[in-house]
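Q: Provided herewith is a single structure, encoded as structure tokens, for subsequent inquiry.
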Amino acid sequence: MVEIKNLTKIYKLNKKQMAESHTKDPYKRAVDGLSLTAKPGEIYGLLGPNGAGKTTTLRCISTIIKPTEGQIYVDGHEVQEEPEEVQRRIGFLTSDIKLDEQFDPDYMFRFFGRLHKVPEDMLEKRRQELFSYFGIEEFAHKRIKELSTGMKQKAAIAVSLVHDPDIVIFDEPTNGLDIVTARGVTDYLKKLKEEGKLVIISTHIMSEAEKLCDRIGMIIDGKKEAEGTLHELLSCTGAHDLEDAFFQLYTAAGKGEM
Ligand SMILES: Nc1ncnc2c1ncn2[C@@H]1O[C@H](COP(=O)(O)OP(=O)(O)OP(=O)(O)O)[C@@H](O)[C@H]1O
């Protein structure tokens, strides 16, 4: 289970970042008092526009960055107090974590498996299962820098799942993938959920959230503007689909144009 209580993350911007953001304010409030609970056996989707704070939230859960305020509990372990307990339980996929270009998927998989102290026989079993499911075997010994975007993403997914985590956190899991590969990834996430694992994803693709997520938290400017099943979000907004519901909330949050 993941419980986020009043999470706020404020970045301190350098001069270049301030100039790029056309601001004189050196502080960027990326996440603003966000609370949510996600439970085993569900796929929870953080849905929001660019810059809403989705990646920042997932990076705080995954102990990559520290919250400015608030607490995050992963199976009861607070991320800042017990980061190692948290890391053991989660598999995190993000586009910012690049696999080392000089090595091949086979090496990276074994390297991260040993880092997570996965026993050798279990590592072989995991490799067999994940490489076969994602079709990685055929490029298992090619250097990462020679792989296509989709191949790299598949390898990164396998590496993030090497230790068979109970909680899987994927930041935009189908980003850059063709529809066949994207379907393979979303089907795998459904399989994990059916095994009783908790899956948390971020996305700005409405159709992905509609089809895949059991519950959706809509994030705008770092705040959770709404949360519920697709059915609940449609009935509370009176919208016909998630995109309409999103635009209603977007306008209600005082946002006019994109
Ligand atoms: N390391 C950082 N330093 C400064 N500002 C940052 C940093 N990372 C993110 N931000 C800012 O925080 C805000 C939230 O960014 P974040 O990446 O969490 O959003 P997101 O919802 O994941 O967006 P996207 O869908 O575009 O990936 C944005 O305004 C972004 O520019």
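Ordering of the structure tokens sets the chain letters (A, B, ...), residue numbers begin anew at 1 in every chain, and ligands are numbered from 1 in the order given.
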Given a cut-off of 9 Å, what residues near ligand 1 show up using only C-alpha atoms and all ligand atoms, put as a VMD selection string?
A: chain A and resid 9 to 14 17 to 18 21 27 to 31 46 to 59 171 to 172 202 to 204 219 to 222
Q: Name the residues in contact with segment 133-141 of chain A at a cut-off of 6 Å, using only C-alpha atoms, excluding same-chain residues fewer than 2 positions from it; report them as a VMD selection string.
A: chain A and resid 104 to 106 130 to 131
Q: Please produce an output containing C-alpha atoms for each residue in the selection, written as a compact mmCIF listing (two decimals), in the first residue's frame.
A:
# COMPACT_ATOMS: atom_id res chain seq x y z
CA ASP A 104 23.74 -4.97 -22.85
CA PRO A 105 20.29 -5.84 -21.40
CA ASP A 106 21.55 -9.20 -20.12
CA LEU A 130 10.68 -11.29 -18.38
CA PHE A 131 13.01 -11.62 -21.40
Q: Give me, as a tab-separated table, each residue of segment 71-167 of chain A that comes within 9 Å of segment 183-200 of chain A, together with its shortest interatomic pair and the distance in Å at one decimal, counting only C-alpha atoms, with rows ordered by chain and rising residue number.
A:
residue	atom	partner	partner_atom	distance
A:Tyr133	CA	A:Gly184	CA	8.4
A:Phe134	CA	A:Gly184	CA	7.3
A:Lys154	CA	A:Val185	CA	8.3
A:Ile157	CA	A:Val185	CA	8.6
A:Pro165	CA	A:Lys197	CA	8.1
A:Asp166	CA	A:Lys197	CA	5.1
A:Ile167	CA	A:Leu198	CA	4.8
Q: Let's have the selection written as a tab-separated table (two decimals), in the first residue's frame, with N, CA and C atoms.
A:
chain	number	residue	atom	x	y	z
A	133	TYR	N	8.74	-12.75	-22.11
A	133	TYR	CA	7.49	-11.99	-22.25
A	133	TYR	C	7.68	-10.75	-23.13
A	134	PHE	N	8.77	-10.00	-22.88
A	134	PHE	CA	8.98	-8.75	-23.61
A	134	PHE	C	9.81	-8.93	-24.89
A	154	LYS	N	11.74	-1.67	-23.20
A	154	LYS	CA	11.45	-3.04	-22.75
A	154	LYS	C	12.53	-3.51	-21.78
A	157	ILE	N	12.11	-1.84	-18.46
A	157	ILE	CA	10.98	-2.42	-17.73
A	157	ILE	C	11.44	-3.72	-17.04
A	165	PRO	N	9.07	-6.89	-7.42
A	165	PRO	CA	8.54	-6.00	-6.38
A	165	PRO	C	7.03	-6.11	-6.23
A	166	ASP	N	6.55	-5.84	-5.01
A	166	ASP	CA	5.10	-5.87	-4.77
A	166	ASP	C	4.43	-4.60	-5.26
A	167	ILE	N	5.23	-3.54	-5.40
A	167	ILE	CA	4.67	-2.25	-5.83
A	167	ILE	C	5.44	-1.79	-7.06
Q: Using only C-alpha atoms, which protein or nucleic acid residues come within 12 Å of Glu85 of chain A? Drop anything in the same chain fewer than 3 positions from it, and give the result as a list in words.
A: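 My list of contacting residues is Ser62, Thr63, Tyr73, Val74, Asp75, Gly76, His77, Glu78, Val79, Gln80, Glu81, Glu82, Arg88, Arg89, Ile90, His116 and Pro165 of chain A.
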Q: Mind pulling up the distance from atom CA of Val180 of chain A to atom CA of Glu210 of chain A?
A: 18.1 Å
Q: Can you list every residue in segment 55-206 of chain A that DSSP puts in alpha helix (DSSP H), as a PyMOL selection string?
A: chain A and resi 55-61+83-89+105-115+120-133+149-160+179-194+206
Q: Would you kindly return, as a ChimeraX atom specification, each protein, DNA or RNA residue with an atom no farther than 12 Å from any atom of Ile144 of chain A, considering only C-alpha atoms and excluding same-chain residues fewer than 5 positions away?
A: /A:98-109,136,139,149-156
Q: Out of A:Met122, A:Val86, A:Ile43, A:Leu34, which residue has the shortest atom-to-atom distance to Glu69 of chain A when counting only C-alpha atoms?
A: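 Closest residue, counting only C-alpha atoms: A:Leu34.
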Q: Running DSSP on the backbone, which parts of segment 84-227 of chain A land in strand (DSSP E), as a list in words?
A: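 Selection result, strand (DSSP E) within segment 84-227 of chain A: Ile90, Gly91, Phe92, Leu93, Ile167, Val168, Ile169, Phe170, Asp171, Leu198, Val199, Ile200, Ile201, Ser202, Thr203, Arg215, Ile216, Gly217, Met218, Ile219, Ile220, Lys223, Lys224, Glu225, Ala226 and Glu227 of chain A.
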Q: How about saving the chosen residues, N, CA and C atoms kept, as a compact mmCIF listing (two decimals), in the first residue's frame?
A:
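Heads up, here's the output in out-v1.txt:
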# COMPACT_ATOMS: atom_id res chain seq x y z
N ILE A 90 9.69 -1.67 -4.05
CA ILE A 90 9.17 -1.05 -5.28
C ILE A 90 10.06 -1.30 -6.50
N GLY A 91 9.41 -1.31 -7.65
CA GLY A 91 10.13 -1.29 -8.92
C GLY A 91 9.74 0.02 -9.57
N PHE A 92 10.75 0.81 -9.97
CA PHE A 92 10.45 2.15 -10.50
C PHE A 92 10.98 2.28 -11.91
N LEU A 93 10.10 2.68 -12.81
CA LEU A 93 10.51 2.93 -14.19
C LEU A 93 10.29 4.39 -14.51
N ILE A 167 5.23 -3.54 -5.40
CA ILE A 167 4.67 -2.25 -5.83
C ILE A 167 5.44 -1.79 -7.06
N VAL A 168 4.70 -1.56 -8.14
CA VAL A 168 5.33 -1.21 -9.41
C VAL A 168 4.92 0.21 -9.77
N ILE A 169 5.93 1.08 -9.94
CA ILE A 169 5.65 2.49 -10.19
C ILE A 169 6.24 2.85 -11.54
N PHE A 170 5.38 3.10 -12.52
CA PHE A 170 5.86 3.35 -13.88
C PHE A 170 5.44 4.75 -14.32
N ASP A 171 6.45 5.56 -14.60
CA ASP A 171 6.20 6.92 -15.09
C ASP A 171 6.03 6.85 -16.61
N LEU A 198 0.40 -3.84 -6.40
CA LEU A 198 -0.09 -2.47 -6.61
C LEU A 198 0.71 -1.86 -7.75
N VAL A 199 0.00 -1.29 -8.71
CA VAL A 199 0.66 -0.62 -9.84
C VAL A 199 0.24 0.85 -9.82
N ILE A 200 1.21 1.74 -9.84
CA ILE A 200 0.90 3.17 -9.93
C ILE A 200 1.57 3.69 -11.20
N ILE A 201 0.79 4.33 -12.06
CA ILE A 201 1.39 4.88 -13.29
C ILE A 201 1.07 6.37 -13.38
N SER A 202 1.87 7.07 -14.17
CA SER A 202 1.48 8.43 -14.53
C SER A 202 1.23 8.43 -16.02
N THR A 203 0.31 9.23 -16.44
CA THR A 203 0.04 9.32 -17.87
C THR A 203 -0.68 10.64 -18.18
N ARG A 215 -8.48 3.25 -10.51
CA ARG A 215 -8.80 4.58 -9.97
C ARG A 215 -7.84 5.59 -10.56
N ILE A 216 -8.33 6.81 -10.68
CA ILE A 216 -7.54 7.86 -11.32
C ILE A 216 -7.52 9.08 -10.40
N GLY A 217 -6.32 9.65 -10.20
CA GLY A 217 -6.22 10.93 -9.49
C GLY A 217 -5.86 11.98 -10.52
N MET A 218 -6.71 12.99 -10.65
CA MET A 218 -6.42 14.04 -11.64
C MET A 218 -5.62 15.15 -10.98
N ILE A 219 -4.43 15.40 -11.50
CA ILE A 219 -3.50 16.35 -10.89
C ILE A 219 -3.37 17.57 -11.80
N ILE A 220 -3.58 18.74 -11.22
CA ILE A 220 -3.38 19.99 -11.95
C ILE A 220 -2.61 20.93 -11.04
N LYS A 223 -1.82 19.84 -7.49
CA LYS A 223 -2.92 19.53 -6.55
C LYS A 223 -3.80 18.43 -7.13
N LYS A 224 -4.35 17.58 -6.24
CA LYS A 224 -5.29 16.56 -6.71
C LYS A 224 -6.66 17.21 -6.82
N GLU A 225 -7.14 17.37 -8.04
CA GLU A 225 -8.43 18.06 -8.25
C GLU A 225 -9.61 17.10 -8.18
N ALA A 226 -9.37 15.83 -8.44
CA ALA A 226 -10.45 14.83 -8.36
C ALA A 226 -9.84 13.45 -8.29
N GLU A 227 -10.61 12.52 -7.78
CA GLU A 227 -10.12 11.14 -7.69
C GLU A 227 -11.30 10.18 -7.71
Q: What's the separation between atom CA of Thr237 of chain A and atom CA of Thr174 of chain A, in Å to one decimal place?
A: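 Pair atom CA of Thr237 of chain A / atom CA of Thr174 of chain A returns 27.5 Å.
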Q: Select, from A:Val162, A:Leu36, A:Gln71, A:Ser148, the residue with the minimum atom-to-atom distance to Gly176 of chain A, counting only C-alpha atoms.
A: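 Using only C-alpha atoms, the shortest distance to Gly176 of chain A belongs to A:Ser148.
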Q: Could you work out how far atom CA of Ser235 of chain A lies from atom CA of Gly254 of chain A, giving the answer in Å with one decimal?
A: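 That distance, rounded to one decimal, is 21.2 Å.
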Q: Hey, which of A:Glu120, A:Asn6, A:Thr37, A:Lys125 ends up closest to Pro67 of chain A? Count only C-alpha atoms.
A: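 Among A:Glu120, A:Asn6, A:Thr37, A:Lys125, it is A:Asn6 that comes nearest to Pro67 of chain A.
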